[in-house]
$ cat final_1.txt   # compact mmCIF, C-alpha atoms
# COMPACT_ATOMS: atom_id res chain seq x y z
CA MET D 25 -31.16 9.25 2.14
CA SER D 26 -27.85 9.33 0.26
CA PRO D 27 -25.89 6.05 0.44
CA ARG D 28 -23.18 6.02 3.10
CA ARG D 29 -20.63 3.33 3.79
CA LEU D 30 -17.98 2.62 6.36
CA VAL D 31 -14.46 2.43 4.95
CA ALA D 32 -11.52 1.19 6.98
CA ASP D 33 -7.84 0.44 6.45
CA ALA D 34 -6.29 -1.99 8.95
CA GLY D 35 -2.50 -2.01 8.74
CA GLY D 36 0.35 -3.36 10.78
CA THR D 37 0.68 -0.19 12.88
CA ASN D 38 -2.46 1.94 12.43
CA VAL D 39 -6.12 1.38 11.66
CA ARG D 40 -8.01 4.15 9.91
CA PHE D 41 -11.77 4.65 9.67
CA ALA D 42 -14.05 7.06 7.81
CA ILE D 43 -17.56 7.42 6.43
CA ALA D 44 -17.81 7.77 2.63
CA ASP D 45 -20.76 9.32 0.81
CA ALA D 46 -22.06 8.55 -2.69
CA GLU D 47 -19.61 11.05 -4.25
CA GLY D 48 -16.60 9.50 -2.55
CA ARG D 49 -16.15 12.24 0.02
CA LEU D 50 -14.75 11.19 3.40
CA ASP D 51 -16.07 12.32 6.76
CA ARG D 52 -15.38 11.43 10.42
CA ILE D 53 -11.82 10.31 9.70
CA LYS D 54 -10.18 8.71 12.71
CA ILE D 55 -6.83 6.95 13.17
CA PHE D 56 -6.08 4.51 16.01
CA GLN D 57 -2.97 2.53 16.90
CA VAL D 58 -3.42 -1.20 16.43
CA THR D 59 -1.62 -1.98 19.69
CA ASP D 60 -4.36 -0.19 21.65
CA PHE D 61 -6.92 -2.88 20.77
CA ALA D 62 -7.01 -6.65 21.06
CA THR D 63 -9.18 -7.08 17.95
CA PHE D 64 -10.41 -5.19 14.91
CA GLN D 65 -13.93 -5.31 16.34
CA ASP D 66 -12.69 -3.52 19.47
CA ALA D 67 -11.21 -0.76 17.31
CA LEU D 68 -14.44 -0.53 15.31
CA SER D 69 -16.40 -0.23 18.56
CA ALA D 70 -14.17 2.65 19.62
CA TYR D 71 -14.70 4.32 16.26
CA ARG D 72 -18.46 3.81 16.49
CA ALA D 73 -18.47 5.54 19.87
CA ASP D 74 -16.22 8.35 18.62
CA ALA D 75 -18.38 8.87 15.52
CA GLY D 76 -21.60 8.99 17.53
CA GLY D 77 -22.89 5.70 16.14
CA LEU D 78 -23.04 4.18 12.67
CA GLN D 79 -26.71 4.61 11.87
CA GLY D 80 -27.64 4.76 8.20
CA ILE D 81 -24.59 2.84 6.96
CA ASP D 82 -25.53 0.88 3.83
CA ALA D 83 -22.30 -1.10 3.36
CA GLY D 84 -18.75 -1.54 4.55
CA ALA D 85 -15.46 -1.80 2.65
CA ILE D 86 -12.48 -2.94 4.69
CA ALA D 87 -8.87 -2.99 3.49
CA ALA D 88 -6.54 -5.17 5.56
CA ALA D 89 -2.81 -5.86 5.41
CA GLY D 90 -2.91 -9.52 4.52
CA PRO D 91 -4.29 -11.93 1.92
CA VAL D 92 -8.07 -12.23 1.75
CA ASP D 93 -8.96 -15.82 2.57
CA GLY D 94 -12.65 -16.36 1.92
CA ASP D 95 -14.54 -14.31 4.46
CA ALA D 96 -11.61 -13.20 6.61
CA VAL D 97 -8.18 -11.59 6.58
CA LYS D 98 -5.45 -12.51 9.05
CA LEU D 99 -3.16 -9.49 9.19
CA THR D 100 0.41 -10.47 8.37
CA ASN D 101 2.19 -8.24 10.88
CA ASN D 102 -0.11 -8.51 13.90
CA GLU D 103 -2.65 -10.92 15.39
CA TRP D 104 -5.83 -9.26 14.17
CA ILE D 105 -8.36 -11.16 12.09
CA VAL D 106 -10.91 -9.09 10.16
CA ASP D 107 -14.00 -11.28 9.83
CA ARG D 108 -16.65 -10.23 7.32
CA ALA D 109 -19.60 -11.67 9.26
CA LYS D 110 -18.57 -10.06 12.55
CA VAL D 111 -18.13 -6.64 10.92
CA SER D 112 -21.45 -6.98 9.11
CA ALA D 113 -23.17 -7.78 12.42
CA MET D 114 -21.74 -4.58 13.90
CA LEU D 115 -23.21 -2.70 10.92
CA ASN D 116 -26.70 -4.08 11.47
CA GLY D 117 -26.30 -6.69 8.75
CA ALA D 118 -25.02 -4.36 6.01
CA PRO D 119 -22.94 -6.14 3.33
CA VAL D 120 -19.19 -5.90 3.80
CA ALA D 121 -16.39 -6.21 1.23
CA LEU D 122 -12.86 -7.25 2.21
CA VAL D 123 -9.81 -6.36 0.13
CA ASN D 124 -6.07 -6.36 0.58
CA ASP D 125 -4.81 -2.99 1.80
CA LEU D 126 -2.67 -2.32 -1.26
CA GLU D 127 -5.61 -3.22 -3.48
CA ALA D 128 -7.41 -0.25 -1.91
CA VAL D 129 -4.45 2.03 -2.69
CA ALA D 130 -4.43 0.71 -6.27
CA ALA D 131 -8.12 1.63 -6.48
CA ALA D 132 -7.15 5.22 -5.65
CA LEU D 133 -4.60 5.56 -8.45
CA PRO D 134 -7.04 6.40 -11.29
CA HIS D 135 -8.52 9.19 -9.13
CA LEU D 136 -5.27 10.92 -8.14
CA GLY D 137 -4.37 14.24 -9.73
CA SER D 138 -0.97 15.80 -10.34
CA ASP D 139 -1.11 17.57 -6.97
CA ASP D 140 -1.41 14.21 -5.22
CA LEU D 141 1.90 12.94 -6.62
CA THR D 142 5.59 13.83 -6.49
CA ALA D 143 7.59 12.41 -9.38
CA ILE D 144 10.75 10.44 -8.62
CA GLY D 145 12.88 11.42 -11.58
CA ALA D 146 11.61 11.63 -15.15
CA PRO D 147 9.17 11.15 -16.79
CA ALA D 148 6.31 12.82 -14.93
CA PRO D 149 3.14 10.77 -14.30
CA VAL D 150 0.35 11.19 -16.86
CA ARG D 151 -3.08 12.27 -15.54
CA PRO D 152 -5.53 10.77 -16.27
CA GLU D 153 -3.88 7.44 -16.98
CA ARG D 154 -5.49 4.43 -18.69
CA ARG D 155 -2.55 2.01 -18.67
CA THR D 156 -1.90 -0.46 -15.87
CA MET D 157 -0.49 1.18 -12.74
CA LEU D 158 1.18 -0.31 -9.69
CA ALA D 159 0.85 0.78 -6.06
CA VAL D 160 3.82 -0.15 -3.86
CA ASN D 161 3.83 0.30 -0.08
CA VAL D 162 6.98 0.51 2.02
CA GLY D 163 6.04 0.91 5.66
CA THR D 164 5.50 -1.59 8.46
CA GLY D 165 5.62 -4.16 5.67
CA PHE D 166 6.01 -4.23 1.88
CA GLY D 167 3.08 -4.69 -0.46
CA ALA D 168 2.04 -4.15 -4.06
CA ALA D 169 -1.17 -4.22 -6.09
CA SER D 170 -2.05 -3.20 -9.63
CA ALA D 171 -4.89 -1.19 -11.16
CA ILE D 172 -5.86 -2.53 -14.59
CA PHE D 173 -8.13 -0.75 -17.10
CA ARG D 174 -10.28 -3.10 -19.19
CA GLU D 175 -13.45 -2.47 -21.22
CA GLY D 176 -14.07 0.96 -19.80
CA ARG D 177 -13.54 0.24 -16.11
CA TRP D 178 -10.80 -0.27 -13.57
CA TYR D 179 -10.04 -3.55 -11.83
CA THR D 180 -7.57 -4.14 -9.02
CA CYS D 181 -5.31 -7.12 -8.44
CA PRO D 182 -3.56 -7.77 -5.09
CA SER D 183 -0.30 -9.59 -4.52
CA GLU D 184 1.96 -10.77 -1.72
CA ALA D 185 5.06 -9.30 -3.34
CA GLY D 186 6.70 -8.56 0.00
CA HIS D 187 7.18 -12.27 0.62
CA MET D 188 9.10 -12.93 -2.59
CA THR D 189 12.67 -14.12 -2.02
CA LEU D 190 15.01 -11.14 -2.25
CA GLY D 191 17.82 -13.01 -3.98
CA HIS D 192 21.46 -12.01 -4.06
CA VAL D 193 22.25 -8.33 -3.59
CA GLU D 194 25.85 -7.15 -3.69
CA GLY D 195 26.90 -6.04 -0.21
CA THR D 196 24.45 -8.31 1.65
CA ALA D 197 26.30 -11.63 1.46
CA ALA D 198 25.68 -12.40 5.14
CA LEU D 199 21.90 -12.20 4.84
CA PRO D 200 20.14 -15.60 4.99
CA ALA D 201 19.29 -17.18 1.65
CA GLU D 202 15.58 -17.13 2.50
CA THR D 203 15.55 -13.36 3.11
CA SER D 204 12.34 -11.89 1.68
CA VAL D 205 11.80 -8.53 0.04
CA GLU D 206 9.94 -7.31 3.12
CA ASP D 207 12.84 -8.39 5.34
CA VAL D 208 14.77 -5.46 3.83
CA LEU D 209 12.20 -3.13 2.25
CA SER D 210 10.21 -2.17 5.35
CA GLY D 211 10.72 -0.10 8.47
CA SER D 212 12.09 -2.97 10.55
CA GLY D 213 13.90 -4.32 7.49
CA LEU D 214 15.80 -1.08 6.99
CA ALA D 215 16.75 -1.11 10.68
CA ARG D 216 18.01 -4.71 10.39
CA LEU D 217 19.96 -3.87 7.24
CA HIS D 218 21.62 -0.99 9.07
CA GLU D 219 22.42 -3.24 12.01
CA HIS D 220 24.01 -5.73 9.61
CA LEU D 221 26.11 -3.09 7.87
CA ALA D 222 27.02 -1.19 11.04
CA GLY D 223 28.25 -4.24 12.89
CA GLY D 224 25.51 -4.49 15.49
CA ARG D 225 24.50 -0.85 15.98
CA ALA D 226 20.71 -0.97 15.80
CA GLY D 227 18.47 1.99 14.98
CA SER D 228 14.99 2.71 13.67
CA ALA D 229 14.29 3.61 10.06
CA ALA D 230 13.82 7.24 11.11
CA ASP D 231 17.21 7.16 12.87
CA VAL D 232 18.92 5.74 9.80
CA PHE D 233 17.46 8.41 7.52
CA ALA D 234 18.40 11.16 9.99
CA GLU D 235 21.99 9.88 10.25
CA ALA D 236 22.52 9.25 6.53
CA GLY D 237 24.10 12.67 5.95
CA ARG D 238 26.78 12.25 8.63
CA ASP D 239 27.28 8.56 9.34
CA ALA D 240 28.98 6.22 6.85
CA ALA D 241 27.06 3.09 7.86
CA ALA D 242 23.71 4.90 7.65
CA ALA D 243 24.64 6.38 4.27
CA ARG D 244 25.62 2.94 2.99
CA THR D 245 22.38 1.48 4.31
CA VAL D 246 20.26 4.09 2.53
CA ALA D 247 22.25 3.65 -0.69
CA LEU D 248 21.75 -0.12 -0.62
CA PHE D 249 18.06 0.28 0.29
CA THR D 250 17.67 2.66 -2.68
CA ALA D 251 19.27 0.21 -5.10
CA ILE D 252 17.18 -2.73 -3.86
CA LEU D 253 13.95 -0.70 -4.00
CA GLY D 254 14.73 0.38 -7.55
CA ARG D 255 15.42 -3.19 -8.66
CA ILE D 256 12.33 -4.66 -7.01
CA ALA D 257 10.05 -1.87 -8.26
CA GLY D 258 11.38 -2.48 -11.76
CA ASP D 259 10.87 -6.24 -11.48
CA LEU D 260 7.28 -5.74 -10.35
CA THR D 261 6.69 -3.33 -13.23
CA LEU D 262 7.75 -6.00 -15.69
CA ALA D 263 5.72 -8.69 -13.92
CA THR D 264 2.52 -6.62 -14.18
CA CYS D 265 3.19 -4.58 -17.36
CA ALA D 266 2.61 -1.44 -15.27
CA TRP D 267 3.53 0.97 -18.05
CA GLY D 268 1.31 3.61 -16.43
CA GLY D 269 3.71 3.98 -13.54
CA VAL D 270 4.80 2.83 -10.08
CA TYR D 271 3.36 4.82 -7.18
CA LEU D 272 5.01 4.51 -3.77
CA CYS D 273 3.23 5.03 -0.47
CA GLY D 274 3.86 4.32 3.20
CA SER D 275 5.80 6.10 5.92
CA VAL D 276 9.17 4.60 4.99
CA ALA D 277 8.79 5.32 1.27
CA THR D 278 7.78 8.91 1.99
CA ALA D 279 10.70 9.53 4.35
CA TRP D 280 13.13 7.80 2.00
CA SER D 281 12.08 9.92 -1.00
CA ALA D 282 13.13 13.10 0.82
CA ILE D 283 16.79 12.02 1.00
CA ALA D 284 17.12 9.36 -1.70
CA ASP D 285 19.62 9.31 -4.55
CA ILE D 286 16.96 9.41 -7.26
CA GLU D 287 19.46 8.82 -10.05
CA ARG D 288 20.56 5.56 -8.46
CA PHE D 289 16.96 4.49 -7.88
CA ARG D 290 16.05 5.13 -11.51
CA ALA D 291 19.27 3.47 -12.75
CA GLU D 292 18.33 0.27 -10.94
CA PHE D 293 14.69 0.61 -11.97
CA ILE D 294 15.49 0.73 -15.70
CA ARG D 295 18.39 -1.76 -15.70
CA LYS D 296 16.34 -4.48 -17.39
CA GLY D 297 18.30 -5.50 -20.47
CA PRO D 298 16.20 -5.44 -23.64
CA MET D 299 13.37 -3.72 -21.73
CA ARG D 300 15.50 -0.74 -20.71
CA ALA D 301 14.10 1.57 -23.39
CA ARG D 302 10.55 0.80 -22.33
CA MET D 303 11.37 1.19 -18.64
CA LEU D 304 12.78 4.67 -19.33
CA LYS D 305 9.22 5.74 -20.20
CA VAL D 306 7.63 4.38 -17.01
CA PRO D 307 7.02 7.10 -14.39
CA THR D 308 7.76 6.58 -10.72
CA ALA D 309 6.22 8.78 -8.04
CA VAL D 310 5.36 9.07 -4.35
CA ILE D 311 1.71 9.42 -3.37
CA ARG D 312 1.29 12.58 -1.30
CA ARG D 313 -2.45 12.27 -0.64
CA ASP D 314 -3.14 11.25 2.93
CA ILE D 315 -5.07 8.04 3.72
CA ALA D 316 -4.82 6.82 0.12
CA ALA D 317 -6.41 3.45 0.94
CA LEU D 318 -9.56 5.08 2.35
CA TYR D 319 -9.65 7.41 -0.64
CA GLY D 320 -9.48 4.40 -2.94
CA LEU D 321 -12.29 2.59 -1.17
CA ALA D 322 -14.40 5.75 -1.22
CA ASN D 323 -13.89 6.52 -4.90
CA ALA D 324 -13.71 3.10 -6.48
CA TYR D 325 -16.78 1.81 -8.26
CA LEU D 326 -18.09 -0.30 -5.40
CA THR D 327 -20.07 -3.39 -6.33
CA LEU D 328 -21.43 -5.28 -3.38
CA THR D 329 -22.67 -8.58 -4.75
CA VAL D 330 -24.13 -10.39 -1.79
CA ARG D 331 -24.34 -14.08 -2.52
CA ARG D 332 -25.87 -16.82 -0.44
CA THR D 333 -22.56 -17.09 1.41
CA GLY D 334 -22.74 -13.39 2.32
CA THR D 335 -19.62 -12.53 0.33
CA ALA D 336 -19.06 -9.27 -1.51
CA SER D 337 -16.63 -7.89 -4.05
CA VAL D 338 -15.04 -4.53 -4.77
CA ARG D 339 -14.46 -3.30 -8.33
$ encode --input "final_1.txt" --output "structure tokens"
Amino acid sequence: MSPRRLVADAGGTNVRFAIADAEGRLDRIKIFQVTDFATFQDALSAYRADAGGLQGIDAGAIAAAGPVDGDAVKLTNNEWIVDRAKVSAMLNGAPVALVNDLEAVAAALPHLGSDDLTAIGAPAPVRPERRTMLAVNVGTGFGAASAIFREGRWYTCPSEAGHMTLGHVEGTAALPAETSVEDVLSGSGLARLHEHLAGGRAGSAADVFAEAGRDAAAARTVALFTAILGRIAGDLTLATCAWGGVYLCGSVATAWSAIADIERFRAEFIRKGPMRARMLKVPTAVIRRDIAALYGLANAYLTLTVRRTGTASVR
């Protein structure tokens, strides 16, 4: 029987499941809302019932929105804990790998074609790419992970970039000094930024984007969001030497790209002093392929090295 594995992406808002075959094809894709379940295991049980059982699953690969701490991940933006041993037990003892959710998106980057990407300004992304690339999520939270090509294969490296200190940004003097990147570059962060600039008028990220063409405070919010995103994306490029490009994903990033001032984004992205000329050559794009994290888990070279502790790794 052809190898089959469960792949799952547990985020702050949604949890996505699918079955991947040996060629990386996805089947039985299902999306649930996190708030409908008390635990990840409850959501997996619902998926198992919906999929008609999980017989014949050889392994599991779970991406979760939080740092991997040994054999578990505590999600940053909700109370779920994804525990390797508990998931393995639900898969009849099959080995399970845990990775950060953006690490799974980074694993997808080498497999994306031109049709999967929309360039944000020039230059256009190169396909296939063999230089380091960076996946950046702007959604319920903010995350980043890199895909690094070494000795004929791809490796992924997670980060907790969303929890870096934002630092001073012109026009945000009233924000607390400890404000993090995610406190602004996320769905709730954009709403808070708008509330700050509008003098107490709150609204969701979708509301802000919808109002940007006719409301001064919303337009200012989007402009400031664009400048901050460009600066942070550029900083992360330099920190990781991601000369192969920065690839944005997430509901907020996708909605933003439809109305954004791309020239301002790129101006902030490349404004890096002596590195400006190099930054001009770095492509930026939005990932248009759905469920990129599941696609990454399905297509990455998956190595399940089961040690005496029961741990596993994804390459």
$ residues_near_point --input "final_1.txt" --point "(15.0, 13.0, -3.0)" --cutoff "12 Å" --atoms "only C-alpha atoms" --output "VMD selection string"
chain D and resid 142 to 145 233 246 250 277 to 290 309 to 310
$ closest_residue --input "final_1.txt" --among "D:Leu260, D:Ala146, D:Ile315, D:Ala62" --to "Leu158 (chain D)" --atoms "all atoms listed in the file"
D:Leu260
$ closest_residue --input "final_1.txt" --among "D:Ile55, D:Ala73, D:Val276, D:Val123" --to "Pro182 (chain D)" --atoms "all atoms listed in the file"
D:Val123
$ atom_distance --input "final_1.txt" --atom1 "CA of Ser183 (chain D)" --atom2 "CA of Ile86 (chain D)"
16.7 Å
$ closest_residue --input "final_1.txt" --among "D:Leu209, D:Leu78, D:Leu122, D:Ala317" --to "Val39 (chain D)" --atoms "all atoms listed in the file"
D:Ala317
$ closest_residue --input "final_1.txt" --among "D:Ala113, D:Leu190, D:Ala257, D:Ala34" --to "Lys98 (chain D)" --atoms "all atoms listed in the file"
D:Ala34
$ residues_near_point --input "final_1.txt" --point "(-23.6, -1.9, 13.1)" --cutoff "10 Å" --atoms "all atoms listed in the file" --output "ChimeraX atom specification"
/D:30,68-69,72,77-84,110-118
$ closest_residue --input "final_1.txt" --among "D:Asp139, D:Asp107, D:Glu219, D:Asp259" --to "Ala241 (chain D)" --atoms "only C-alpha atoms"
D:Glu219
$ atom_distance --input "final_1.txt" --atom1 "CA of Ala185 (chain D)" --atom2 "CA of Leu262 (chain D)"
13.1 Å
$ residues_around --input "final_1.txt" --residues "Gly191 (chain D)" --least-positions-apart "5" --cutoff "9 Å" --atoms "only C-alpha atoms" --output "list in words"
Ala201, Glu202, Thr203, Ser204 and Val205 of chain D
$ closest_residue --input "final_1.txt" --among "D:Ala242, D:Ile43, D:Ala322, D:Met303" --to "Gly223 (chain D)" --atoms "all atoms listed in the file"
D:Ala242
$ decode --input "final_1.txt" --residues "region 156-245 of chain D" --atoms "C-alpha atoms" --output "compact mmCIF listing (two decimals), in the first residue's frame"
# COMPACT_ATOMS: atom_id res chain seq x y z
CA THR D 156 17.25 31.24 0.94
CA MET D 157 13.59 32.27 0.99
CA LEU D 158 11.44 33.65 3.78
CA ALA D 159 7.77 32.90 4.51
CA VAL D 160 5.96 35.65 6.44
CA ASN D 161 2.44 35.25 7.81
CA VAL D 162 0.17 38.15 8.69
CA GLY D 163 -3.12 36.82 10.01
CA THR D 164 -4.35 36.05 13.52
CA GLY D 165 -0.71 36.54 14.49
CA PHE D 166 2.60 37.33 12.79
CA GLY D 167 5.19 34.67 12.02
CA ALA D 168 8.20 34.00 9.83
CA ALA D 169 10.36 31.03 8.85
CA SER D 170 13.07 30.50 6.28
CA ALA D 171 13.77 27.79 3.71
CA ILE D 172 17.51 27.22 3.26
CA PHE D 173 19.13 25.19 0.46
CA ARG D 174 22.29 23.33 1.49
CA GLU D 175 24.11 20.38 -0.09
CA GLY D 176 21.32 19.52 -2.48
CA ARG D 177 18.37 19.68 -0.10
CA TRP D 178 16.09 22.15 1.62
CA TYR D 179 16.02 22.81 5.35
CA THR D 180 13.57 24.97 7.24
CA CYS D 181 14.21 27.23 10.21
CA PRO D 182 11.39 28.64 12.39
CA SER D 183 11.39 31.87 14.36
CA GLU D 184 9.25 33.85 16.77
CA ALA D 185 9.66 37.07 14.80
CA GLY D 186 6.21 38.32 15.75
CA HIS D 187 7.35 38.83 19.33
CA MET D 188 10.27 41.10 18.47
CA THR D 189 9.95 44.61 19.88
CA LEU D 190 8.51 46.89 17.20
CA GLY D 191 10.60 49.91 18.11
CA HIS D 192 9.82 53.51 17.29
CA VAL D 193 7.61 54.15 14.29
CA GLU D 194 6.76 57.71 13.30
CA GLY D 195 3.08 58.36 13.96
CA THR D 196 2.76 55.79 16.78
CA ALA D 197 4.29 57.73 19.67
CA ALA D 198 1.49 56.74 22.06
CA LEU D 199 2.05 53.01 21.63
CA PRO D 200 3.70 51.33 24.66
CA ALA D 201 7.46 50.89 24.47
CA GLU D 202 7.08 47.10 24.73
CA THR D 203 4.79 46.91 21.68
CA SER D 204 5.69 43.84 19.63
CA VAL D 205 5.62 43.38 15.88
CA GLU D 206 2.54 41.17 16.20
CA ASP D 207 0.79 43.85 18.27
CA VAL D 208 0.54 45.86 15.02
CA LEU D 209 1.11 43.41 12.15
CA SER D 210 -1.85 41.07 12.70
CA GLY D 211 -5.61 41.20 12.35
CA SER D 212 -6.23 42.41 15.89
CA GLY D 213 -3.11 44.57 15.70
CA LEU D 214 -4.39 46.43 12.65
CA ALA D 215 -7.71 46.99 14.43
CA ARG D 216 -5.91 48.36 17.51
CA LEU D 217 -3.74 50.61 15.35
CA HIS D 218 -6.87 52.00 13.71
CA GLU D 219 -8.48 52.53 17.09
CA HIS D 220 -5.38 54.44 18.21
CA LEU D 221 -5.31 56.64 15.12
CA ALA D 222 -9.07 57.16 14.94
CA GLY D 223 -9.40 58.27 18.54
CA GLY D 224 -11.28 55.27 19.90
CA ARG D 225 -13.30 54.13 16.89
CA ALA D 226 -12.69 50.38 16.81
CA GLY D 227 -13.12 48.16 13.75
CA SER D 228 -11.94 44.82 12.41
CA ALA D 229 -9.12 44.49 9.91
CA ALA D 230 -11.69 43.82 7.18
CA ASP D 231 -13.55 47.00 8.16
CA VAL D 232 -10.37 49.06 8.02
CA PHE D 233 -9.46 47.78 4.56
CA ALA D 234 -13.02 48.38 3.32
CA GLU D 235 -13.03 51.96 4.67
CA ALA D 236 -9.53 52.90 3.49
CA GLY D 237 -10.78 54.44 0.24
CA ARG D 238 -13.22 56.82 1.94
CA ASP D 239 -12.17 57.34 5.54
CA ALA D 240 -9.08 59.35 6.49
CA ALA D 241 -8.29 57.42 9.68
CA ALA D 242 -8.60 54.07 7.90
CA ALA D 243 -6.43 55.31 5.03
CA ARG D 244 -3.79 56.52 7.49
CA THR D 245 -3.93 53.19 9.31
